[in-house]
file structure35.cif (mmCIF, C-alpha atoms, pLDDT in the B column; chains and numbers go by the auth columns)
data_start
#
loop_
_atom_site.group_PDB
_atom_site.id
_atom_site.type_symbol
_atom_site.label_atom_id
_atom_site.label_comp_id
_atom_site.label_asym_id
_atom_site.label_seq_id
_atom_site.Cartn_x
_atom_site.Cartn_y
_atom_site.Cartn_z
_atom_site.B_iso_or_equiv
_atom_site.auth_seq_id
_atom_site.auth_asym_id
ATOM 1 C CA MET A 1 36.515 -35.205 -4.678 57.00 1 A
ATOM 2 C CA THR A 2 37.818 -38.385 -3.154 63.00 2 A
ATOM 3 C CA ASP A 3 38.229 -41.906 -4.437 77.00 3 A
ATOM 4 C CA ARG A 4 37.723 -43.353 -0.963 87.00 4 A
ATOM 5 C CA PRO A 5 34.857 -45.872 -0.779 92.00 5 A
ATOM 6 C CA ILE A 6 31.632 -44.638 0.792 95.00 6 A
ATOM 7 C CA SER A 7 31.485 -47.616 3.193 96.00 7 A
ATOM 8 C CA ARG A 8 33.653 -50.475 4.378 96.00 8 A
ATOM 9 C CA PHE A 9 30.662 -52.764 3.685 96.00 9 A
ATOM 10 C CA PRO A 10 29.302 -53.761 0.263 93.00 10 A
ATOM 11 C CA VAL A 11 27.413 -51.089 -1.649 96.00 11 A
ATOM 12 C CA PRO A 12 24.905 -52.690 -4.014 95.00 12 A
ATOM 13 C CA GLU A 13 24.043 -51.478 -7.485 94.00 13 A
ATOM 14 C CA LEU A 14 20.663 -49.735 -7.732 94.00 14 A
ATOM 15 C CA LYS A 15 19.490 -52.270 -10.330 95.00 15 A
ATOM 16 C CA ASP A 16 20.032 -55.096 -7.821 96.00 16 A
ATOM 17 C CA LEU A 17 17.869 -53.612 -5.053 97.00 17 A
ATOM 18 C CA PRO A 18 14.255 -54.452 -4.201 98.00 18 A
ATOM 19 C CA GLU A 19 11.870 -52.126 -6.047 98.00 19 A
ATOM 20 C CA ASP A 20 10.692 -50.219 -2.940 98.00 20 A
ATOM 21 C CA VAL A 21 14.260 -49.539 -1.781 98.00 21 A
ATOM 22 C CA ARG A 22 15.335 -48.462 -5.266 97.00 22 A
ATOM 23 C CA ALA A 23 12.251 -46.200 -5.569 98.00 23 A
ATOM 24 C CA LYS A 24 13.038 -44.449 -2.251 97.00 24 A
ATOM 25 C CA ILE A 25 16.649 -43.875 -3.287 98.00 25 A
ATOM 26 C CA LEU A 26 15.621 -42.508 -6.686 97.00 26 A
ATOM 27 C CA ALA A 27 13.049 -40.192 -5.071 97.00 27 A
ATOM 28 C CA VAL A 28 15.731 -38.796 -2.768 96.00 28 A
ATOM 29 C CA GLN A 29 18.096 -38.391 -5.723 97.00 29 A
ATOM 30 C CA GLU A 30 15.442 -36.467 -7.648 97.00 30 A
ATOM 31 C CA LYS A 31 14.798 -34.120 -4.718 94.00 31 A
ATOM 32 C CA ALA A 32 18.425 -33.593 -3.640 94.00 32 A
ATOM 33 C CA GLY A 33 20.184 -33.882 -6.983 95.00 33 A
ATOM 34 C CA PHE A 34 22.400 -36.693 -5.659 96.00 34 A
ATOM 35 C CA VAL A 35 22.114 -39.849 -3.553 96.00 35 A
ATOM 36 C CA PRO A 36 23.262 -39.348 0.039 97.00 36 A
ATOM 37 C CA ASN A 37 25.745 -42.089 0.868 97.00 37 A
ATOM 38 C CA VAL A 38 23.722 -43.283 3.871 97.00 38 A
ATOM 39 C CA PHE A 39 21.054 -44.623 1.488 97.00 39 A
ATOM 40 C CA LEU A 40 23.567 -46.629 -0.510 96.00 40 A
ATOM 41 C CA THR A 41 25.405 -47.814 2.593 96.00 41 A
ATOM 42 C CA LEU A 42 22.271 -49.166 4.269 97.00 42 A
ATOM 43 C CA ALA A 43 20.777 -50.596 1.065 97.00 43 A
ATOM 44 C CA HIS A 44 22.856 -53.764 1.314 95.00 44 A
ATOM 45 C CA ARG A 45 20.474 -54.844 4.109 97.00 45 A
ATOM 46 C CA PRO A 46 17.008 -53.989 2.729 98.00 46 A
ATOM 47 C CA ASP A 47 14.954 -54.921 5.807 98.00 47 A
ATOM 48 C CA GLU A 48 17.117 -52.724 8.023 97.00 48 A
ATOM 49 C CA PHE A 49 17.079 -49.964 5.379 98.00 49 A
ATOM 50 C CA ARG A 50 13.260 -49.954 5.490 98.00 50 A
ATOM 51 C CA ALA A 51 13.104 -49.933 9.299 98.00 51 A
ATOM 52 C CA PHE A 52 15.797 -47.259 9.626 98.00 52 A
ATOM 53 C CA PHE A 53 14.190 -44.831 7.204 98.00 53 A
ATOM 54 C CA ALA A 54 10.659 -45.479 8.487 98.00 54 A
ATOM 55 C CA TYR A 55 11.722 -44.430 11.981 98.00 55 A
ATOM 56 C CA HIS A 56 13.935 -41.618 10.670 98.00 56 A
ATOM 57 C CA ASP A 57 11.053 -40.160 8.670 97.00 57 A
ATOM 58 C CA ALA A 58 8.586 -40.560 11.554 97.00 58 A
ATOM 59 C CA LEU A 59 10.898 -38.520 13.801 97.00 59 A
ATOM 60 C CA MET A 60 12.311 -35.973 11.377 97.00 60 A
ATOM 61 C CA GLU A 61 9.608 -35.173 8.837 94.00 61 A
ATOM 62 C CA LYS A 62 7.000 -33.596 11.091 91.00 62 A
ATOM 63 C CA ASP A 63 6.708 -30.016 12.242 86.00 63 A
ATOM 64 C CA VAL A 64 4.784 -30.380 15.512 92.00 64 A
ATOM 65 C CA GLY A 65 6.282 -29.450 18.890 94.00 65 A
ATOM 66 C CA LEU A 66 9.703 -28.869 17.341 97.00 66 A
ATOM 67 C CA THR A 67 10.518 -27.213 14.065 97.00 67 A
ATOM 68 C CA LYS A 68 12.337 -29.215 11.412 97.00 68 A
ATOM 69 C CA ALA A 69 15.359 -26.987 12.048 97.00 69 A
ATOM 70 C CA GLU A 70 15.261 -27.802 15.778 98.00 70 A
ATOM 71 C CA ARG A 71 15.117 -31.503 14.958 98.00 71 A
ATOM 72 C CA GLU A 72 18.262 -31.068 12.871 98.00 72 A
ATOM 73 C CA MET A 73 19.903 -29.096 15.702 98.00 73 A
ATOM 74 C CA ILE A 74 19.536 -32.172 17.914 98.00 74 A
ATOM 75 C CA VAL A 75 21.117 -34.377 15.251 98.00 75 A
ATOM 76 C CA VAL A 76 24.070 -32.054 14.645 98.00 76 A
ATOM 77 C CA ALA A 77 24.862 -31.372 18.309 98.00 77 A
ATOM 78 C CA THR A 78 24.621 -35.005 19.417 98.00 78 A
ATOM 79 C CA SER A 79 26.454 -36.263 16.331 98.00 79 A
ATOM 80 C CA GLY A 80 29.284 -33.853 17.064 98.00 80 A
ATOM 81 C CA ALA A 81 29.491 -35.205 20.609 98.00 81 A
ATOM 82 C CA ASN A 82 29.519 -38.747 19.198 97.00 82 A
ATOM 83 C CA ASP A 83 32.291 -37.898 16.699 98.00 83 A
ATOM 84 C CA CYS A 84 30.154 -38.852 13.707 98.00 84 A
ATOM 85 C CA LEU A 85 31.608 -37.105 10.686 98.00 85 A
ATOM 86 C CA TYR A 86 28.893 -38.325 8.309 98.00 86 A
ATOM 87 C CA CYS A 87 25.960 -37.065 10.383 98.00 87 A
ATOM 88 C CA VAL A 88 27.625 -33.763 11.295 98.00 88 A
ATOM 89 C CA VAL A 89 28.350 -32.994 7.639 98.00 89 A
ATOM 90 C CA ALA A 90 25.084 -34.291 6.132 98.00 90 A
ATOM 91 C CA HIS A 91 22.711 -32.991 8.794 98.00 91 A
ATOM 92 C CA GLY A 92 24.751 -29.823 9.176 98.00 92 A
ATOM 93 C CA ALA A 93 23.925 -29.083 5.542 97.00 93 A
ATOM 94 C CA ILE A 94 20.228 -29.744 6.128 97.00 94 A
ATOM 95 C CA LEU A 95 20.280 -27.583 9.267 98.00 95 A
ATOM 96 C CA ARG A 96 21.938 -24.657 7.477 97.00 96 A
ATOM 97 C CA ILE A 97 19.144 -24.770 4.902 96.00 97 A
ATOM 98 C CA ARG A 98 16.249 -25.263 7.340 96.00 98 A
ATOM 99 C CA ALA A 99 17.513 -22.641 9.806 96.00 99 A
ATOM 100 C CA LYS A 100 18.568 -20.255 7.014 95.00 100 A
ATOM 101 C CA ASN A 101 21.749 -19.722 9.024 95.00 101 A
ATOM 102 C CA PRO A 102 25.171 -20.659 7.581 95.00 102 A
ATOM 103 C CA ARG A 103 26.869 -20.520 11.023 95.00 103 A
ATOM 104 C CA VAL A 104 24.661 -22.552 13.325 97.00 104 A
ATOM 105 C CA ALA A 105 25.615 -26.090 12.241 97.00 105 A
ATOM 106 C CA ASP A 106 29.337 -25.572 12.788 97.00 106 A
ATOM 107 C CA GLN A 107 28.638 -23.962 16.157 98.00 107 A
ATOM 108 C CA LEU A 108 26.403 -26.809 17.313 98.00 108 A
ATOM 109 C CA ALA A 109 28.760 -29.532 16.150 98.00 109 A
ATOM 110 C CA THR A 110 31.630 -27.939 18.042 97.00 110 A
ATOM 111 C CA ASN A 111 30.034 -26.541 21.214 97.00 111 A
ATOM 112 C CA TYR A 112 26.280 -26.027 21.343 97.00 112 A
ATOM 113 C CA ARG A 113 26.655 -24.034 24.590 97.00 113 A
ATOM 114 C CA LYS A 114 28.327 -21.211 22.621 97.00 114 A
ATOM 115 C CA ALA A 115 25.993 -21.349 19.604 97.00 115 A
ATOM 116 C CA GLU A 116 23.661 -18.598 18.401 96.00 116 A
ATOM 117 C CA ILE A 117 20.498 -20.288 19.686 97.00 117 A
ATOM 118 C CA THR A 118 17.631 -19.390 22.008 97.00 118 A
ATOM 119 C CA PRO A 119 17.483 -20.384 25.695 98.00 119 A
ATOM 120 C CA ARG A 120 14.648 -22.770 24.730 98.00 120 A
ATOM 121 C CA GLN A 121 16.857 -24.458 22.141 98.00 121 A
ATOM 122 C CA ARG A 122 19.714 -24.622 24.656 98.00 122 A
ATOM 123 C CA ALA A 123 17.434 -26.467 27.106 98.00 123 A
ATOM 124 C CA MET A 124 16.368 -28.809 24.293 98.00 124 A
ATOM 125 C CA LEU A 125 20.000 -29.586 23.480 98.00 125 A
ATOM 126 C CA ASP A 126 20.991 -29.994 27.142 98.00 126 A
ATOM 127 C CA PHE A 127 18.382 -32.752 27.360 98.00 127 A
ATOM 128 C CA ALA A 128 19.272 -34.282 23.985 98.00 128 A
ATOM 129 C CA MET A 129 22.951 -34.453 24.903 98.00 129 A
ATOM 130 C CA LYS A 130 22.136 -36.152 28.176 98.00 130 A
ATOM 131 C CA VAL A 131 20.025 -38.747 26.363 98.00 131 A
ATOM 132 C CA ALA A 132 22.729 -39.296 23.725 98.00 132 A
ATOM 133 C CA LEU A 133 25.660 -39.545 26.129 97.00 133 A
ATOM 134 C CA ASP A 134 24.343 -40.362 29.616 97.00 134 A
ATOM 135 C CA ALA A 135 20.724 -41.549 29.308 97.00 135 A
ATOM 136 C CA GLN A 136 20.816 -43.565 32.513 97.00 136 A
ATOM 137 C CA SER A 137 21.111 -40.327 34.503 98.00 137 A
ATOM 138 C CA VAL A 138 17.990 -38.646 33.042 98.00 138 A
ATOM 139 C CA GLU A 139 15.729 -37.676 35.958 98.00 139 A
ATOM 140 C CA GLU A 140 12.563 -35.705 36.615 98.00 140 A
ATOM 141 C CA PRO A 141 14.373 -32.327 36.933 98.00 141 A
ATOM 142 C CA ASP A 142 15.520 -32.784 33.319 98.00 142 A
ATOM 143 C CA PHE A 143 11.869 -33.012 32.234 98.00 143 A
ATOM 144 C CA GLU A 144 10.904 -30.061 34.433 98.00 144 A
ATOM 145 C CA ALA A 145 13.567 -27.903 32.765 98.00 145 A
ATOM 146 C CA LEU A 146 12.026 -28.663 29.371 98.00 146 A
ATOM 147 C CA ARG A 147 8.473 -28.003 30.571 98.00 147 A
ATOM 148 C CA ALA A 148 9.648 -24.618 31.897 98.00 148 A
ATOM 149 C CA HIS A 149 10.547 -23.744 28.298 98.00 149 A
ATOM 150 C CA GLY A 150 7.137 -24.778 26.981 97.00 150 A
ATOM 151 C CA PHE A 151 7.890 -28.279 25.727 98.00 151 A
ATOM 152 C CA ASP A 152 4.991 -30.708 26.118 97.00 152 A
ATOM 153 C CA GLU A 153 5.277 -34.482 26.591 97.00 153 A
ATOM 154 C CA GLN A 154 5.168 -35.177 22.850 97.00 154 A
ATOM 155 C CA ALA A 155 7.993 -32.723 22.138 98.00 155 A
ATOM 156 C CA ILE A 156 10.025 -34.127 25.037 98.00 156 A
ATOM 157 C CA TRP A 157 9.605 -37.632 23.605 98.00 157 A
ATOM 158 C CA ASP A 158 10.724 -36.353 20.200 98.00 158 A
ATOM 159 C CA ILE A 159 13.837 -34.701 21.646 98.00 159 A
ATOM 160 C CA GLY A 160 14.821 -37.908 23.424 98.00 160 A
ATOM 161 C CA ALA A 161 13.891 -40.204 20.542 98.00 161 A
ATOM 162 C CA ILE A 162 15.853 -38.155 17.995 98.00 162 A
ATOM 163 C CA ALA A 163 18.904 -38.114 20.279 98.00 163 A
ATOM 164 C CA ALA A 164 18.626 -41.880 20.865 98.00 164 A
ATOM 165 C CA PHE A 165 17.997 -42.740 17.217 98.00 165 A
ATOM 166 C CA PHE A 166 20.956 -40.705 16.036 98.00 166 A
ATOM 167 C CA ALA A 167 23.208 -42.138 18.752 98.00 167 A
ATOM 168 C CA MET A 168 22.522 -45.477 17.041 97.00 168 A
ATOM 169 C CA SER A 169 22.917 -43.923 13.602 98.00 169 A
ATOM 170 C CA ASN A 170 26.230 -42.319 14.634 98.00 170 A
ATOM 171 C CA ARG A 171 27.546 -45.684 15.711 98.00 171 A
ATOM 172 C CA LEU A 172 26.481 -47.359 12.460 97.00 172 A
ATOM 173 C CA ALA A 173 28.061 -44.575 10.391 98.00 173 A
ATOM 174 C CA ASN A 174 31.307 -44.915 12.336 98.00 174 A
ATOM 175 C CA LEU A 175 31.192 -48.721 12.097 97.00 175 A
ATOM 176 C CA ALA A 176 30.812 -48.456 8.318 97.00 176 A
ATOM 177 C CA SER A 177 33.361 -45.635 7.938 97.00 177 A
ATOM 178 C CA MET A 178 30.619 -43.879 5.999 97.00 178 A
ATOM 179 C CA ARG A 179 31.983 -41.027 3.913 97.00 179 A
ATOM 180 C CA PRO A 180 29.933 -37.823 3.604 97.00 180 A
ATOM 181 C CA ASN A 181 28.998 -36.811 0.074 96.00 181 A
ATOM 182 C CA ASP A 182 31.085 -33.924 -1.251 95.00 182 A
ATOM 183 C CA GLU A 183 27.854 -32.052 -2.079 95.00 183 A
ATOM 184 C CA PHE A 184 26.975 -31.646 1.603 96.00 184 A
ATOM 185 C CA TYR A 185 30.012 -29.529 2.456 94.00 185 A
ATOM 186 C CA LEU A 186 28.846 -26.427 0.585 93.00 186 A
ATOM 187 C CA MET A 187 25.070 -26.707 0.975 93.00 187 A
ATOM 188 C CA GLY A 188 23.457 -23.802 2.804 93.00 188 A
ATOM 189 C CA ARG A 189 26.689 -21.870 3.266 90.00 189 A
ATOM 190 C CA VAL A 190 25.925 -19.136 0.743 78.00 190 A
ATOM 191 C CA PRO A 191 22.534 -17.916 -0.478 67.00 191 A
ATOM 192 C CA LYS A 192 21.294 -19.410 -3.728 66.00 192 A
ATOM 193 C CA SER A 193 21.642 -16.980 -6.607 59.00 193 A
#

call {"tool": "encode", "arguments": {"input": "structure35.cif", "output": "structure tokens"}}
result
Amino acid sequence: MTDRPISRFPVPELKDLPEDVRAKILAVQEKAGFVPNVFLTLAHRPDEFRAFFAYHDALMEKDVGLTKAEREMIVVATSGANDCLYCVVAHGAILRIRAKNPRVADQLATNYRKAEITPRQRAMLDFAMKVALDAQSVEEPDFEALRAHGFDEQAIWDIGAIAAFFAMSNRLANLASMRPNDEFYLMGRVPKS
């Protein structure tokens, strides 16, 4: 456990938040057993909190074209490339659980090219990394490589949108010096008893 603040910016008290923001945070707390620090960090700007989580949920909470685990793979790999400790730790935990694989998150955060993933997932991450780190160089052959692995236009959009959204999220987390919750470090590493 650390005494370090969760953000360099103000973190409001739950009782001081607008009802809808407080309700979302409490729902997450009930499901997870704790409040992920990103919710508290962003809550000091309620309009941005609402917009952030609306887009996050639209991208991450569907299971069409990409599995939920594949969506998390994109987050972990691109967040590792963007040196975002918060997103690597938090989404690494979610990925370990969704993929039912305690190794994959660490592999993706370090070097996705050496990870225990399928060729299809490798192509997905090649594209996601290009969007996250060098989007101006994305060209038609990048789309053709994804189509060759069976990705349709909707899935390709999702890959790019997740990479772009989390590039922004990575920068906000680094700006705020957002600290990962201690709970995330052990999640999904050993089977539940």

call {"tool": "residues_around", "arguments": {"input": "structure35.cif", "residues": "A:Arg98", "least_positions_apart": "2", "cutoff": "7 Å", "atoms": "all atoms listed in the file", "output": "list in words"}}
result
Lys68, Ala69, Ile94, Leu95, Arg96 and Lys100 of chain A

call {"tool": "resolve_selection", "arguments": {"input": "structure35.cif", "expression": "the PyMOL selection byres ((chain A and resi 49) around 12)", "output": "PDB file with C-alpha atoms, keeping the file's coordinate frame"}}
result
ATOM      1  CA  LEU A  17      17.869 -53.612  -5.053  1.00 97.00           C
ATOM      2  CA  PRO A  18      14.255 -54.452  -4.201  1.00 98.00           C
ATOM      3  CA  ASP A  20      10.692 -50.219  -2.940  1.00 98.00           C
ATOM      4  CA  VAL A  21      14.260 -49.539  -1.781  1.00 98.00           C
ATOM      5  CA  ARG A  22      15.335 -48.462  -5.266  1.00 97.00           C
ATOM      6  CA  LYS A  24      13.038 -44.449  -2.251  1.00 97.00           C
ATOM      7  CA  ILE A  25      16.649 -43.875  -3.287  1.00 98.00           C
ATOM      8  CA  VAL A  38      23.722 -43.283   3.871  1.00 97.00           C
ATOM      9  CA  PHE A  39      21.054 -44.623   1.488  1.00 97.00           C
ATOM     10  CA  LEU A  40      23.567 -46.629  -0.510  1.00 96.00           C
ATOM     11  CA  THR A  41      25.405 -47.814   2.593  1.00 96.00           C
ATOM     12  CA  LEU A  42      22.271 -49.166   4.269  1.00 97.00           C
ATOM     13  CA  ALA A  43      20.777 -50.596   1.065  1.00 97.00           C
ATOM     14  CA  HIS A  44      22.856 -53.764   1.314  1.00 95.00           C
ATOM     15  CA  ARG A  45      20.474 -54.844   4.109  1.00 97.00           C
ATOM     16  CA  PRO A  46      17.008 -53.989   2.729  1.00 98.00           C
ATOM     17  CA  ASP A  47      14.954 -54.921   5.807  1.00 98.00           C
ATOM     18  CA  GLU A  48      17.117 -52.724   8.023  1.00 97.00           C
ATOM     19  CA  ARG A  50      13.260 -49.954   5.490  1.00 98.00           C
ATOM     20  CA  ALA A  51      13.104 -49.933   9.299  1.00 98.00           C
ATOM     21  CA  PHE A  52      15.797 -47.259   9.626  1.00 98.00           C
ATOM     22  CA  PHE A  53      14.190 -44.831   7.204  1.00 98.00           C
ATOM     23  CA  ALA A  54      10.659 -45.479   8.487  1.00 98.00           C
ATOM     24  CA  TYR A  55      11.722 -44.430  11.981  1.00 98.00           C
ATOM     25  CA  HIS A  56      13.935 -41.618  10.670  1.00 98.00           C
ATOM     26  CA  ASP A  57      11.053 -40.160   8.670  1.00 97.00           C
ATOM     27  CA  SER A 169      22.917 -43.923  13.602  1.00 98.00           C
TER      28      SER A 169
END

call {"tool": "closest_residue", "arguments": {"input": "structure35.cif", "among": "A:Ile6, A:Ala176, A:Val11, A:Ala81", "to": "A:Ala132", "atoms": "only C-alpha atoms"}}
result
A:Ala81

call {"tool": "resolve_selection", "arguments": {"input": "structure35.cif", "expression": "the PyMOL selection byres ((chain A and resi 106) around 10)", "output": "tab-separated table (two decimals) with C-alpha atoms, keeping the file's coordinate frame"}}
result
chain	number	residue	atom	x	y	z
A	76	VAL	CA	24.07	-32.05	14.64
A	77	ALA	CA	24.86	-31.37	18.31
A	80	GLY	CA	29.28	-33.85	17.06
A	88	VAL	CA	27.62	-33.76	11.30
A	89	VAL	CA	28.35	-32.99	7.64
A	92	GLY	CA	24.75	-29.82	9.18
A	93	ALA	CA	23.92	-29.08	5.54
A	95	LEU	CA	20.28	-27.58	9.27
A	96	ARG	CA	21.94	-24.66	7.48
A	102	PRO	CA	25.17	-20.66	7.58
A	103	ARG	CA	26.87	-20.52	11.02
A	104	VAL	CA	24.66	-22.55	13.32
A	105	ALA	CA	25.62	-26.09	12.24
A	107	GLN	CA	28.64	-23.96	16.16
A	108	LEU	CA	26.40	-26.81	17.31
A	109	ALA	CA	28.76	-29.53	16.15
A	110	THR	CA	31.63	-27.94	18.04
A	111	ASN	CA	30.03	-26.54	21.21
A	112	TYR	CA	26.28	-26.03	21.34
A	115	ALA	CA	25.99	-21.35	19.60

call {"tool": "atom_distance", "arguments": {"input": "structure35.cif", "atom1": "atom CA of A:Glu144", "atom2": "atom CA of A:Ile156"}}
result
10.3 Å

call {"tool": "atom_distance", "arguments": {"input": "structure35.cif", "atom1": "atom CA of A:Asp16", "atom2": "atom CA of A:Val35"}}
result
16.0 Å

call {"tool": "resolve_selection", "arguments": {"input": "structure35.cif", "expression": "the PyMOL selection byres ((chain A and resi 164) around 12)", "output": "JSON, numbers by chain"}}
result
{"A": [55, 56, 59, 74, 75, 78, 79, 82, 127, 128, 129, 130, 131, 132, 133, 134, 135, 136, 157, 158, 159, 160, 161, 162, 163, 165, 166, 167, 168, 169, 170, 171]}

call {"tool": "residues_around", "arguments": {"input": "structure35.cif", "residues": "stretch 150-155 of chain A", "least_positions_apart": "6", "cutoff": "10 Å", "atoms": "all atoms listed in the file", "output": "CSV table (one decimal) with C-alpha atoms, keeping the file's coordinate frame"}}
result
chain,number,residue,atom,x,y,z
A,64,VAL,CA,4.8,-30.4,15.5
A,65,GLY,CA,6.3,-29.4,18.9
A,66,LEU,CA,9.7,-28.9,17.3
A,120,ARG,CA,14.6,-22.8,24.7
A,123,ALA,CA,17.4,-26.5,27.1
A,124,MET,CA,16.4,-28.8,24.3
A,143,PHE,CA,11.9,-33.0,32.2
A,144,GLU,CA,10.9,-30.1,34.4
A,161,ALA,CA,13.9,-40.2,20.5

call {"tool": "closest_residue", "arguments": {"input": "structure35.cif", "among": "A:Gln29, A:Leu146, A:Val138, A:Leu85", "to": "A:Arg179", "atoms": "only C-alpha atoms"}}
result
A:Leu85

call {"tool": "atom_distance", "arguments": {"input": "structure35.cif", "atom1": "atom CA of A:Ser7", "atom2": "atom CA of A:Phe184"}}
result
16.7 Å

call {"tool": "closest_residue", "arguments": {"input": "structure35.cif", "among": "A:Leu125, A:Cys84, A:Ala27, A:Leu14", "to": "A:Ser177", "atoms": "only C-alpha atoms"}}
result
A:Cys84
